[in-house]
Each structure stands twice: as C-alpha cells, then as structure tokens.
2 protein chains.
Amino acid sequence: MKIGIFDSGVGGLTVAKEIKTLLPNQPIIYFGDTARTPYGTKSKETLIGYAKEDASFLLDQGADLIVIACHSAASTAADVLKTSLDVPVFEVVTPSIEQALAVTKTKRIGLIGTRATIKSEIYKKKIGFLEPKAKVIGQPCPLLVPLIEEGWLKARETRMIVKKYLRPLKQQNIDTLVLGCTHYPLIKKIIEQKIGKRVTVVDPSLEVAKAVKQYLSDNGDIFTKKAEDKYFVSDIGPATEEIVRCFMGQKIILNKV
Amino acid sequence: MKIGIFDSGVGGLTVAKEIKTLLPNQPIIYFGDTARTPYGTKSKETLIGYAKEDASFLLDQGADLIVIACHSAASTAADVLKTSLDVPVFEVVTPSIEQALAVTKTKRIGLIGTRATIKSEIYKKKIGFLEPKAKVIGQPCPLLVPLIEEGWLKARETRMIVKKYLRPLKQQNIDTLVLGCTHYPLIKKIIEQKIGKRVTVVDPSLEVAKAVKQYLSDNGDIFTKKAEDKYFVSDIGPATEEIVRCFMGQKIILNKV
C-alpha cells in the first residue's frame, strides 16, 4: 500500500518523517497545500473543501491509504473524509487522544494548536466521549508556526512566547500536553522545558505513524524493498525549500502541481 | 467612480480606512482573500493568478478603479494588472516610492515587508530607475503580521522582535523607512521608536489614498453624497471578525463569497 499524506503546507513533513522512520521502505506520496497555507486561520467549511481536494489529488497519484497530517484539517474535516472515501483514512487526532488517555493520571489534558484546531473542540468531544471525567484545556498558539517557519527554533523570543502561551495550562495543573500542530515537534524541547517535568508531552506525528504501521502490519502489507517517495506542493514560495530542509534535515525534491 | 480595493486578507483595511478618511463619500468595494491568506509566503506565479481573480471579482461587483492594497500582490502582479485591465490600477508601491524619494536626504532607504515583497526587489528596481544614486535596503519581517493579528500591538515580545528586525537597517544608516506591508501601520509607533527619530517613516496606505484622491479630483469625480460601501471576504475564519474590528476600530459587516 502506498501511503498518501496531506497537509496545509510543509508542517506535515514531521508526520512523513516519523512514518519513514517506522516504515523505511513503504512508499509515501506527500501533498502540501502551500498555495493556500495556513489552514489554521480558516473556517470549517473552507477546510472541508480543501481537504476533499487534497485527498482526491493523493488518490489520483495512486495512494491506497490517506493520512491527514494537518491538525486543522483533521479536526474539522476527518469525519467527512472517513465517510466519503473508499480507502482507510488516518489522522493525527484519534491516535493522540488514545495516547493522551493512556498516559494521563489526573485526567487533566492540555492541548496547544491553531485557532481552527482549538475552536473545533474535537479533542474535548472525543476525549469526553471516551472518558467523561477527563478535562481538556485548549490554548491556541497562532505565533508558534510563524516562529518555527522563521527558523527561530532556539531564539529567546520563541522561548518567551512559548512560556506565555503555556502559562494558563500550567495554572490549570495539566499532567499531559498534546502537541496539536505538525510544527510543534521542532520546538518540543522548549515546550517540555516550559511546561515542566511533571507533564507528559504527546507527539501526534509519532502516534499516527505507529497507528499506520500497526494497520499495515495487521494487513501483512509492509514493504521489505525500498520504494520511491514523491513530494508534491501547490506552490514553492520564497522560503519553502529552506523550511523543508529544516523540517526533514535534508534537501527534498519538491514537485509543484 | 466606485473604488475597488483588494488585499490578501484584512490588512488592506488600513488602505480602505485612509481612503475613507480622505474620500468619506466615495463608495468602496473591498475584497479580502482570507481563504488563501497570506500572500507574502507565496510565489510570484501564484500571486499573479490570485491578483487577476481578485481584480475580476471587484470589476464584476461594479468597481471603476482598482487599488491593490496588498504589498505582496502589488510587488509581483501590478504590472500584469496594469497592462491587462481597462480601468485605472493604483497600488501601494508607486506612491510610496515617490514619497520616499521626496523625503530622503541621504538616499538610503529602508524597506520592511513580507518575504514575497522583499524578494520581488520591485522597490530596488523602481527606485534605482528614478534615482540611480539611491540605495534600498530590504528586510523581510515575517513575524510582524502574525504578531499584529494576534492582537499583541503593545506586547514586549512585539517590541523585541521589531527591534531585532530593524537592527540591520539601523546599522545601514537609513534615513527613510517604507512600511511595506498593510499591517504595519498598526504598530507604527513601535517601529518609529525602534528605528529612531532621525528616520522618516513612509506609510503607503496614506500615500496610495492621496494618489487616488488626486486622480478622482482631476477627473471631477469626487462624490459629495454618501454612498454605500461593501466588504467581501473569501472566508470568515475563527478570528477574522475580531481582527477586522481591531483594524477598523469598529464592527464591519463582512459578506462571504
């Protein structure tokens, strides 16, 4: 099975990277919607339209399975895609919710993400369904993606802003924190430092990669010989290639469609 | 004449506001492409396509004159629109260049903006054509728009980041600074403080409004009775209405198209 991954832009490469780590031979087809990025500031209705188009593109390219890497799209459009597509649809929300519930002791779970992700309240709804005693405290962090895309991964300003955003979550005594945006793993260390040692950080990029591996393993469909990966984007902007190198740790050939 | 104004999103409202101040009765039709915002991270080719669509929409709505409020679109797509449209096309770059050349004494002009605007080198080319001795020093400031849209107009972090971005321009001894992005007038005071009193700040929103007023005056077409304005956006995201209120100082009715 070829794994199709889509994202609002290049952030989903953190998901692609985790999948490649767990399934080094499995072919992936990546699509980043860089012509319309970001998704996190847009409405649910608009995101559903974009997500349908993104998934269709991946299926046209031969994907046998879809991974929604973008939290904003996963939070707003996953149900629509799961109902309407004939292939398995994985997304970053469900496996990270399972992991958060597995590790939390106090049932006080923090979530950081874009405005679209937090506003969707998908984590609240799904966690509340599985564990009515759990409390989800969401905090939109709109500046973290621009800071990461600016390459300020260790800057003093980034540390200050992370601290400011996390303060309300610390005050709420969470014991688990979900990184609800594909970019955040790049500043995971700062987030861990600022939120403190008593909080377990859940990285959805890793959790969805584990879920995909489990599915392929159950279906006896893990490639043993290396196959070719393809990376598509809808635009190559002034900094796209630099940001991609930062995310993947190496140069990736991007095909503009 | 009805004034059509387009922008990548809501930032162009600073231009709309200056036009309404100088021409309070003239009807304006505003279009903000919030479904694809921002433009500043995207390629020239993509921006030309978007700008053509935006202008077409305004003409369909009855605009007699087009104002490109978005610096990224003005820097990359103005020539294409000026050649292909049958109506007058104004944009934020030309009048601010004229103003910068009028006020500079040392001919060392700083420019801050998005990556797309700085990369276009349009200011360098146009200023170099008019005044070969002038030197333009560009500085992309990708974090300022997100900081402004987060509402952190007076935050310590905003001050620090402005200072960091302006440092190379100070070191280059500029005497004039062009605010090459529609959002920047909202933090004009911080920018003026950080760049220092010896530098004259040019606000393109005001300059383009003056140019439009001059044109209408020359054509004897300034409305003396109040006419209705219309504001259109391609998406209403989780924070759009709040940001619009911040830009306009009042609630504006947005029509989603």
# chains A, B, ... in the order shown; residues from 1 in each chain; ligands from 1
call {"tool": "calpha_fit_and_write", "arguments": {"fixed": "chain A", "moving": "chain B", "output": "PDB file with C-alpha atoms, in the first residue's frame"}}
result
ATOM      1  CA  MET B   1      -0.006  -0.003   0.012  1.00  0.00           C
ATOM      2  CA  LYS B   2       1.171   3.476  -0.873  1.00  0.00           C
ATOM      3  CA  ILE B   3       0.703   5.987   1.930  1.00  0.00           C
ATOM      4  CA  GLY B   4      -0.790   9.334   0.876  1.00  0.00           C
ATOM      5  CA  ILE B   5      -0.129  12.156   3.332  1.00  0.00           C
ATOM      6  CA  PHE B   6      -1.590  15.626   3.018  1.00  0.00           C
ATOM      7  CA  ASP B   7      -1.028  18.796   4.966  1.00  0.00           C
ATOM      8  CA  SER B   8      -1.743  22.516   4.710  1.00  0.00           C
ATOM      9  CA  GLY B   9       1.908  23.014   3.825  1.00  0.00           C
ATOM     10  CA  VAL B  10       5.251  21.673   4.923  1.00  0.00           C
ATOM     11  CA  GLY B  11       4.473  21.035   8.604  1.00  0.00           C
ATOM     12  CA  GLY B  12       3.149  17.572   7.785  1.00  0.00           C
ATOM     13  CA  LEU B  13       6.691  16.572   6.938  1.00  0.00           C
ATOM     14  CA  THR B  14       7.123  15.830  10.648  1.00  0.00           C
ATOM     15  CA  VAL B  15       4.482  13.129  10.133  1.00  0.00           C
ATOM     16  CA  ALA B  16       6.171  11.925   6.927  1.00  0.00           C
ATOM     17  CA  LYS B  17       9.469  11.742   8.784  1.00  0.00           C
ATOM     18  CA  GLU B  18       8.028   9.607  11.629  1.00  0.00           C
ATOM     19  CA  ILE B  19       6.352   7.302   9.104  1.00  0.00           C
ATOM     20  CA  LYS B  20       9.629   6.920   7.182  1.00  0.00           C
ATOM     21  CA  THR B  21      11.406   6.088  10.456  1.00  0.00           C
ATOM     22  CA  LEU B  22       8.943   3.321  11.317  1.00  0.00           C
ATOM     23  CA  LEU B  23       8.340   2.169   7.726  1.00  0.00           C
ATOM     24  CA  PRO B  24      11.515   3.009   5.807  1.00  0.00           C
ATOM     25  CA  ASN B  25      10.598   1.043   2.672  1.00  0.00           C
ATOM     26  CA  GLN B  26       6.922   1.962   2.375  1.00  0.00           C
ATOM     27  CA  PRO B  27       6.354   4.421  -0.486  1.00  0.00           C
ATOM     28  CA  ILE B  28       4.796   7.717   0.538  1.00  0.00           C
ATOM     29  CA  ILE B  29       3.108  10.357  -1.574  1.00  0.00           C
ATOM     30  CA  TYR B  30       3.088  13.733   0.162  1.00  0.00           C
ATOM     31  CA  PHE B  31       0.975  16.739  -0.766  1.00  0.00           C
ATOM     32  CA  GLY B  32       1.454  20.136   0.916  1.00  0.00           C
ATOM     33  CA  ASP B  33      -1.068  22.825   0.008  1.00  0.00           C
ATOM     34  CA  THR B  34       1.479  25.644   0.168  1.00  0.00           C
ATOM     35  CA  ALA B  35      -0.585  27.811  -2.223  1.00  0.00           C
ATOM     36  CA  ARG B  36      -3.316  28.130   0.417  1.00  0.00           C
ATOM     37  CA  THR B  37      -1.338  27.581   3.625  1.00  0.00           C
ATOM     38  CA  PRO B  38      -2.006  28.012   6.543  1.00  0.00           C
ATOM     39  CA  TYR B  39      -5.241  26.167   7.313  1.00  0.00           C
ATOM     40  CA  GLY B  40      -5.336  27.126  10.996  1.00  0.00           C
ATOM     41  CA  THR B  41      -6.860  30.553  10.435  1.00  0.00           C
ATOM     42  CA  LYS B  42      -9.634  29.382   8.116  1.00  0.00           C
ATOM     43  CA  SER B  43     -13.251  28.294   8.610  1.00  0.00           C
ATOM     44  CA  LYS B  44     -14.500  24.727   8.926  1.00  0.00           C
ATOM     45  CA  GLU B  45     -16.471  24.983   5.685  1.00  0.00           C
ATOM     46  CA  THR B  46     -13.416  26.143   3.722  1.00  0.00           C
ATOM     47  CA  LEU B  47     -11.195  23.470   5.302  1.00  0.00           C
ATOM     48  CA  ILE B  48     -13.600  20.663   4.370  1.00  0.00           C
ATOM     49  CA  GLY B  49     -13.448  21.820   0.740  1.00  0.00           C
ATOM     50  CA  TYR B  50      -9.650  21.982   0.788  1.00  0.00           C
ATOM     51  CA  ALA B  51      -9.296  18.574   2.497  1.00  0.00           C
ATOM     52  CA  LYS B  52     -11.511  16.892  -0.121  1.00  0.00           C
ATOM     53  CA  GLU B  53      -9.377  18.340  -2.912  1.00  0.00           C
ATOM     54  CA  ASP B  54      -6.132  17.343  -1.194  1.00  0.00           C
ATOM     55  CA  ALA B  55      -7.285  13.734  -0.665  1.00  0.00           C
ATOM     56  CA  SER B  56      -8.534  13.478  -4.275  1.00  0.00           C
ATOM     57  CA  PHE B  57      -5.132  14.564  -5.526  1.00  0.00           C
ATOM     58  CA  LEU B  58      -3.391  11.845  -3.491  1.00  0.00           C
ATOM     59  CA  LEU B  59      -5.814   9.178  -4.712  1.00  0.00           C
ATOM     60  CA  ASP B  60      -5.210  10.289  -8.313  1.00  0.00           C
ATOM     61  CA  GLN B  61      -1.497   9.827  -7.632  1.00  0.00           C
ATOM     62  CA  GLY B  62      -2.077   6.245  -6.543  1.00  0.00           C
ATOM     63  CA  ALA B  63      -2.390   6.465  -2.753  1.00  0.00           C
ATOM     64  CA  ASP B  64      -4.051   3.409  -1.144  1.00  0.00           C
ATOM     65  CA  LEU B  65      -4.404   4.965   2.279  1.00  0.00           C
ATOM     66  CA  ILE B  66      -4.771   8.592   3.399  1.00  0.00           C
ATOM     67  CA  VAL B  67      -3.090  10.267   6.359  1.00  0.00           C
ATOM     68  CA  ILE B  68      -4.362  13.718   7.328  1.00  0.00           C
ATOM     69  CA  ALA B  69      -1.205  15.228   8.798  1.00  0.00           C
ATOM     70  CA  CYS B  70      -2.670  18.701   9.319  1.00  0.00           C
ATOM     71  CA  HIS B  71      -4.365  19.087  12.712  1.00  0.00           C
ATOM     72  CA  SER B  72      -6.627  21.885  11.475  1.00  0.00           C
ATOM     73  CA  ALA B  73      -7.886  19.643   8.631  1.00  0.00           C
ATOM     74  CA  ALA B  74      -8.037  16.551  10.877  1.00  0.00           C
ATOM     75  CA  SER B  75     -10.052  18.480  13.469  1.00  0.00           C
ATOM     76  CA  THR B  76     -12.591  19.839  11.023  1.00  0.00           C
ATOM     77  CA  ALA B  77     -12.737  17.497   8.023  1.00  0.00           C
ATOM     78  CA  ALA B  78     -11.712  13.972   9.125  1.00  0.00           C
ATOM     79  CA  ASP B  79     -15.275  12.705   9.608  1.00  0.00           C
ATOM     80  CA  VAL B  80     -16.300  13.900   6.144  1.00  0.00           C
ATOM     81  CA  LEU B  81     -13.325  12.164   4.519  1.00  0.00           C
ATOM     82  CA  LYS B  82     -13.773   8.953   6.514  1.00  0.00           C
ATOM     83  CA  THR B  83     -17.388   8.746   5.378  1.00  0.00           C
ATOM     84  CA  SER B  84     -16.862   9.689   1.754  1.00  0.00           C
ATOM     85  CA  LEU B  85     -13.613   7.903   0.799  1.00  0.00           C
ATOM     86  CA  ASP B  86     -13.271   4.202  -0.030  1.00  0.00           C
ATOM     87  CA  VAL B  87      -9.747   3.925   1.381  1.00  0.00           C
ATOM     88  CA  PRO B  88      -8.602   3.868   5.033  1.00  0.00           C
ATOM     89  CA  VAL B  89      -8.242   7.378   6.458  1.00  0.00           C
ATOM     90  CA  PHE B  90      -5.821   8.010   9.322  1.00  0.00           C
ATOM     91  CA  GLU B  91      -5.414  11.339  11.032  1.00  0.00           C
ATOM     92  CA  VAL B  92      -3.374  12.883  13.807  1.00  0.00           C
ATOM     93  CA  VAL B  93      -6.203  13.430  16.307  1.00  0.00           C
ATOM     94  CA  THR B  94      -7.517   9.923  17.127  1.00  0.00           C
ATOM     95  CA  PRO B  95      -4.217   8.172  17.965  1.00  0.00           C
ATOM     96  CA  SER B  96      -2.995  11.128  20.037  1.00  0.00           C
ATOM     97  CA  ILE B  97      -6.232  11.136  22.032  1.00  0.00           C
ATOM     98  CA  GLU B  98      -5.742   7.427  22.769  1.00  0.00           C
ATOM     99  CA  GLN B  99      -2.169   8.069  23.843  1.00  0.00           C
ATOM    100  CA  ALA B 100      -3.148  11.066  25.997  1.00  0.00           C
ATOM    101  CA  LEU B 101      -5.792   8.992  27.793  1.00  0.00           C
ATOM    102  CA  ALA B 102      -3.286   6.157  28.235  1.00  0.00           C
ATOM    103  CA  VAL B 103      -0.704   8.372  29.933  1.00  0.00           C
ATOM    104  CA  THR B 104      -2.769  10.859  31.948  1.00  0.00           C
ATOM    105  CA  LYS B 105      -3.254  10.146  35.632  1.00  0.00           C
ATOM    106  CA  THR B 106      -5.112  13.257  36.723  1.00  0.00           C
ATOM    107  CA  LYS B 107      -7.264  13.345  33.555  1.00  0.00           C
ATOM    108  CA  ARG B 108      -6.317  16.988  33.025  1.00  0.00           C
ATOM    109  CA  ILE B 109      -5.106  17.193  29.449  1.00  0.00           C
ATOM    110  CA  GLY B 110      -3.721  20.317  27.793  1.00  0.00           C
ATOM    111  CA  LEU B 111      -3.865  20.920  24.053  1.00  0.00           C
ATOM    112  CA  ILE B 112      -1.966  23.510  22.029  1.00  0.00           C
ATOM    113  CA  GLY B 113      -2.711  24.205  18.362  1.00  0.00           C
ATOM    114  CA  THR B 114      -4.019  26.670  15.800  1.00  0.00           C
ATOM    115  CA  ARG B 115      -7.221  28.624  16.298  1.00  0.00           C
ATOM    116  CA  ALA B 116      -9.066  26.272  13.905  1.00  0.00           C
ATOM    117  CA  THR B 117      -7.992  23.180  15.853  1.00  0.00           C
ATOM    118  CA  ILE B 118      -8.852  24.601  19.275  1.00  0.00           C
ATOM    119  CA  LYS B 119     -12.131  26.109  18.056  1.00  0.00           C
ATOM    120  CA  SER B 120     -13.246  22.774  16.572  1.00  0.00           C
ATOM    121  CA  GLU B 121     -13.354  21.340  20.128  1.00  0.00           C
ATOM    122  CA  ILE B 122     -12.781  17.927  18.550  1.00  0.00           C
ATOM    123  CA  TYR B 123     -10.417  16.869  21.349  1.00  0.00           C
ATOM    124  CA  LYS B 124     -12.936  17.907  24.003  1.00  0.00           C
ATOM    125  CA  LYS B 125     -15.722  15.997  22.271  1.00  0.00           C
ATOM    126  CA  LYS B 126     -13.763  12.817  21.553  1.00  0.00           C
ATOM    127  CA  ILE B 127     -11.984  12.675  24.896  1.00  0.00           C
ATOM    128  CA  GLY B 128     -15.255  13.444  26.684  1.00  0.00           C
ATOM    129  CA  PHE B 129     -16.911  10.563  24.860  1.00  0.00           C
ATOM    130  CA  LEU B 130     -14.173   8.079  25.830  1.00  0.00           C
ATOM    131  CA  GLU B 131     -13.559   9.388  29.350  1.00  0.00           C
ATOM    132  CA  PRO B 132     -16.290  11.661  30.730  1.00  0.00           C
ATOM    133  CA  LYS B 133     -14.166  12.544  33.777  1.00  0.00           C
ATOM    134  CA  ALA B 134     -11.341  13.968  31.654  1.00  0.00           C
ATOM    135  CA  LYS B 135     -10.940  17.705  31.213  1.00  0.00           C
ATOM    136  CA  VAL B 136      -9.350  19.163  28.078  1.00  0.00           C
ATOM    137  CA  ILE B 137      -7.861  22.655  28.297  1.00  0.00           C
ATOM    138  CA  GLY B 138      -7.145  24.149  24.881  1.00  0.00           C
ATOM    139  CA  GLN B 139      -4.785  27.009  24.142  1.00  0.00           C
ATOM    140  CA  PRO B 140      -4.479  28.483  20.640  1.00  0.00           C
ATOM    141  CA  CYS B 141      -0.845  29.415  19.852  1.00  0.00           C
ATOM    142  CA  PRO B 142      -0.993  31.242  16.484  1.00  0.00           C
ATOM    143  CA  LEU B 143       2.552  32.594  16.695  1.00  0.00           C
ATOM    144  CA  LEU B 144       4.389  29.291  17.050  1.00  0.00           C
ATOM    145  CA  VAL B 145       4.105  28.268  13.380  1.00  0.00           C
ATOM    146  CA  PRO B 146       5.475  31.616  12.102  1.00  0.00           C
ATOM    147  CA  LEU B 147       8.303  31.493  14.667  1.00  0.00           C
ATOM    148  CA  ILE B 148       9.246  27.967  13.572  1.00  0.00           C
ATOM    149  CA  GLU B 149       8.993  28.859   9.869  1.00  0.00           C
ATOM    150  CA  GLU B 150      11.239  31.860  10.553  1.00  0.00           C
ATOM    151  CA  GLY B 151      13.794  29.319  11.781  1.00  0.00           C
ATOM    152  CA  TRP B 152      13.872  30.802  15.295  1.00  0.00           C
ATOM    153  CA  LEU B 153      13.945  27.350  16.869  1.00  0.00           C
ATOM    154  CA  LYS B 154      16.105  28.386  19.809  1.00  0.00           C
ATOM    155  CA  ALA B 155      15.542  32.138  19.914  1.00  0.00           C
ATOM    156  CA  ARG B 156      14.884  33.964  23.162  1.00  0.00           C
ATOM    157  CA  GLU B 157      11.669  35.372  21.687  1.00  0.00           C
ATOM    158  CA  THR B 158      10.430  31.854  20.916  1.00  0.00           C
ATOM    159  CA  ARG B 159      11.119  30.761  24.502  1.00  0.00           C
ATOM    160  CA  MET B 160       9.290  33.792  25.892  1.00  0.00           C
ATOM    161  CA  ILE B 161       6.266  33.282  23.682  1.00  0.00           C
ATOM    162  CA  VAL B 162       6.072  29.549  24.430  1.00  0.00           C
ATOM    163  CA  LYS B 163       6.185  30.372  28.151  1.00  0.00           C
ATOM    164  CA  LYS B 164       3.407  32.970  27.754  1.00  0.00           C
ATOM    165  CA  TYR B 165       1.156  30.562  25.849  1.00  0.00           C
ATOM    166  CA  LEU B 166       1.747  27.695  28.300  1.00  0.00           C
ATOM    167  CA  ARG B 167       1.134  29.738  31.456  1.00  0.00           C
ATOM    168  CA  PRO B 168      -2.675  29.197  31.517  1.00  0.00           C
ATOM    169  CA  LEU B 169      -2.157  25.448  31.015  1.00  0.00           C
ATOM    170  CA  LYS B 170       0.316  25.304  33.902  1.00  0.00           C
ATOM    171  CA  GLN B 171      -2.154  27.168  36.096  1.00  0.00           C
ATOM    172  CA  GLN B 172      -4.739  24.523  35.234  1.00  0.00           C
ATOM    173  CA  ASN B 173      -2.412  21.779  36.536  1.00  0.00           C
ATOM    174  CA  ILE B 174      -2.446  19.590  33.443  1.00  0.00           C
ATOM    175  CA  ASP B 175      -0.376  16.388  33.554  1.00  0.00           C
ATOM    176  CA  THR B 176      -0.453  15.688  29.809  1.00  0.00           C
ATOM    177  CA  LEU B 177       0.058  18.036  26.856  1.00  0.00           C
ATOM    178  CA  VAL B 178      -0.852  17.222  23.249  1.00  0.00           C
ATOM    179  CA  LEU B 179       1.205  18.995  20.562  1.00  0.00           C
ATOM    180  CA  GLY B 180      -1.800  19.717  18.321  1.00  0.00           C
ATOM    181  CA  CYS B 181       0.110  21.098  15.336  1.00  0.00           C
ATOM    182  CA  THR B 182       2.582  19.454  12.975  1.00  0.00           C
ATOM    183  CA  HIS B 183       5.196  22.176  13.502  1.00  0.00           C
ATOM    184  CA  TYR B 184       5.499  21.859  17.262  1.00  0.00           C
ATOM    185  CA  PRO B 185       7.807  18.796  17.390  1.00  0.00           C
ATOM    186  CA  LEU B 186      10.541  21.127  16.102  1.00  0.00           C
ATOM    187  CA  ILE B 187      10.432  23.051  19.387  1.00  0.00           C
ATOM    188  CA  LYS B 188       9.468  20.091  21.558  1.00  0.00           C
ATOM    189  CA  LYS B 189      12.427  20.635  23.897  1.00  0.00           C
ATOM    190  CA  ILE B 190      11.449  24.235  24.645  1.00  0.00           C
ATOM    191  CA  ILE B 191       7.834  23.174  25.204  1.00  0.00           C
ATOM    192  CA  GLU B 192       8.943  20.400  27.569  1.00  0.00           C
ATOM    193  CA  GLN B 193      11.171  22.811  29.500  1.00  0.00           C
ATOM    194  CA  LYS B 194       8.484  25.457  29.845  1.00  0.00           C
ATOM    195  CA  ILE B 195       5.618  23.127  30.768  1.00  0.00           C
ATOM    196  CA  GLY B 196       7.751  21.283  33.340  1.00  0.00           C
ATOM    197  CA  LYS B 197       8.845  17.752  34.056  1.00  0.00           C
ATOM    198  CA  ARG B 198       5.583  16.643  35.615  1.00  0.00           C
ATOM    199  CA  VAL B 199       3.763  16.942  32.306  1.00  0.00           C
ATOM    200  CA  THR B 200       3.949  14.189  29.656  1.00  0.00           C
ATOM    201  CA  VAL B 201       4.098  15.553  26.129  1.00  0.00           C
ATOM    202  CA  VAL B 202       2.212  13.616  23.431  1.00  0.00           C
ATOM    203  CA  ASP B 203       3.516  13.975  19.874  1.00  0.00           C
ATOM    204  CA  PRO B 204       0.745  13.130  17.367  1.00  0.00           C
ATOM    205  CA  SER B 205       3.228  12.763  14.485  1.00  0.00           C
ATOM    206  CA  LEU B 206       4.666   9.730  16.224  1.00  0.00           C
ATOM    207  CA  GLU B 207       1.275   8.371  17.331  1.00  0.00           C
ATOM    208  CA  VAL B 208      -0.233   8.454  13.830  1.00  0.00           C
ATOM    209  CA  ALA B 209       2.908   6.807  12.416  1.00  0.00           C
ATOM    210  CA  LYS B 210       2.519   3.990  14.946  1.00  0.00           C
ATOM    211  CA  ALA B 211      -1.156   3.581  14.011  1.00  0.00           C
ATOM    212  CA  VAL B 212      -0.351   3.366  10.291  1.00  0.00           C
ATOM    213  CA  LYS B 213       2.413   0.825  10.932  1.00  0.00           C
ATOM    214  CA  GLN B 214       0.038  -1.295  13.034  1.00  0.00           C
ATOM    215  CA  TYR B 215      -2.574  -1.257  10.262  1.00  0.00           C
ATOM    216  CA  LEU B 216      -0.088  -2.263   7.550  1.00  0.00           C
ATOM    217  CA  SER B 217       1.348  -4.947   9.800  1.00  0.00           C
ATOM    218  CA  ASP B 218      -2.132  -6.370  10.498  1.00  0.00           C
ATOM    219  CA  ASN B 219      -2.718  -6.480   6.748  1.00  0.00           C
ATOM    220  CA  GLY B 220       0.681  -8.039   6.001  1.00  0.00           C
ATOM    221  CA  ASP B 221       1.473  -5.126   3.744  1.00  0.00           C
ATOM    222  CA  ILE B 222       4.780  -3.742   4.961  1.00  0.00           C
ATOM    223  CA  PHE B 223       7.228  -3.259   2.079  1.00  0.00           C
ATOM    224  CA  THR B 224      10.544  -5.015   2.480  1.00  0.00           C
ATOM    225  CA  LYS B 225      12.216  -3.403  -0.519  1.00  0.00           C
ATOM    226  CA  LYS B 226      12.732   0.320  -0.808  1.00  0.00           C
ATOM    227  CA  ALA B 227      10.158   2.110  -2.975  1.00  0.00           C
ATOM    228  CA  GLU B 228      10.186   5.666  -4.292  1.00  0.00           C
ATOM    229  CA  ASP B 229       8.647   8.546  -2.355  1.00  0.00           C
ATOM    230  CA  LYS B 230       7.091  11.580  -4.009  1.00  0.00           C
ATOM    231  CA  TYR B 231       6.650  15.055  -2.576  1.00  0.00           C
ATOM    232  CA  PHE B 232       4.167  17.474  -4.150  1.00  0.00           C
ATOM    233  CA  VAL B 233       3.336  21.065  -3.209  1.00  0.00           C
ATOM    234  CA  SER B 234       0.847  23.530  -4.706  1.00  0.00           C
ATOM    235  CA  ASP B 235       3.362  26.378  -4.541  1.00  0.00           C
ATOM    236  CA  ILE B 236       7.070  26.953  -3.963  1.00  0.00           C
ATOM    237  CA  GLY B 237       7.297  30.268  -2.123  1.00  0.00           C
ATOM    238  CA  PRO B 238      10.349  32.391  -1.275  1.00  0.00           C
ATOM    239  CA  ALA B 239      11.250  30.261   1.778  1.00  0.00           C
ATOM    240  CA  THR B 240       9.586  26.891   1.071  1.00  0.00           C
ATOM    241  CA  GLU B 241      12.715  24.940   0.196  1.00  0.00           C
ATOM    242  CA  GLU B 242      14.634  26.297   3.189  1.00  0.00           C
ATOM    243  CA  ILE B 243      11.806  25.383   5.568  1.00  0.00           C
ATOM    244  CA  VAL B 244      11.569  21.891   4.059  1.00  0.00           C
ATOM    245  CA  ARG B 245      15.300  21.364   4.658  1.00  0.00           C
ATOM    246  CA  CYS B 246      14.817  22.484   8.261  1.00  0.00           C
ATOM    247  CA  PHE B 247      11.942  20.004   8.748  1.00  0.00           C
ATOM    248  CA  MET B 248      13.500  16.998   7.037  1.00  0.00           C
ATOM    249  CA  GLY B 249      17.147  17.604   7.904  1.00  0.00           C
ATOM    250  CA  GLN B 250      17.967  17.162   4.227  1.00  0.00           C
ATOM    251  CA  LYS B 251      17.057  18.520   0.807  1.00  0.00           C
ATOM    252  CA  ILE B 252      13.882  17.039  -0.678  1.00  0.00           C
ATOM    253  CA  ILE B 253      12.859  17.335  -4.314  1.00  0.00           C
ATOM    254  CA  LEU B 254       9.504  19.129  -4.419  1.00  0.00           C
ATOM    255  CA  ASN B 255       7.188  18.720  -7.393  1.00  0.00           C
ATOM    256  CA  LYS B 256       4.962  21.741  -7.932  1.00  0.00           C
ATOM    257  CA  VAL B 257       1.430  20.946  -9.104  1.00  0.00           C
TER     258      VAL B 257
END
call {"tool": "select_by_dssp", "arguments": {"residues": "region 70-180 of chain B", "states": "strand (DSSP E or B)", "output": "list in words"}}
result
Val89, Phe90, Glu91, Arg108, Ile109, Gly110, Leu111, Ile112, Gly113, Lys135, Val136, Ile137, Gly138, Gln139, Pro140, Thr176, Leu177, Val178, Leu179 and Gly180 of chain B
call {"tool": "select_by_dssp", "arguments": {"residues": "region 60-257 of chain B", "states": "helix (DSSP H, G or I)", "output": "number ranges by chain"}}
result
B: 60, 71-84, 93-103, 115-120, 122-130, 144-149, 156-171, 184-195, 204-218, 240-248
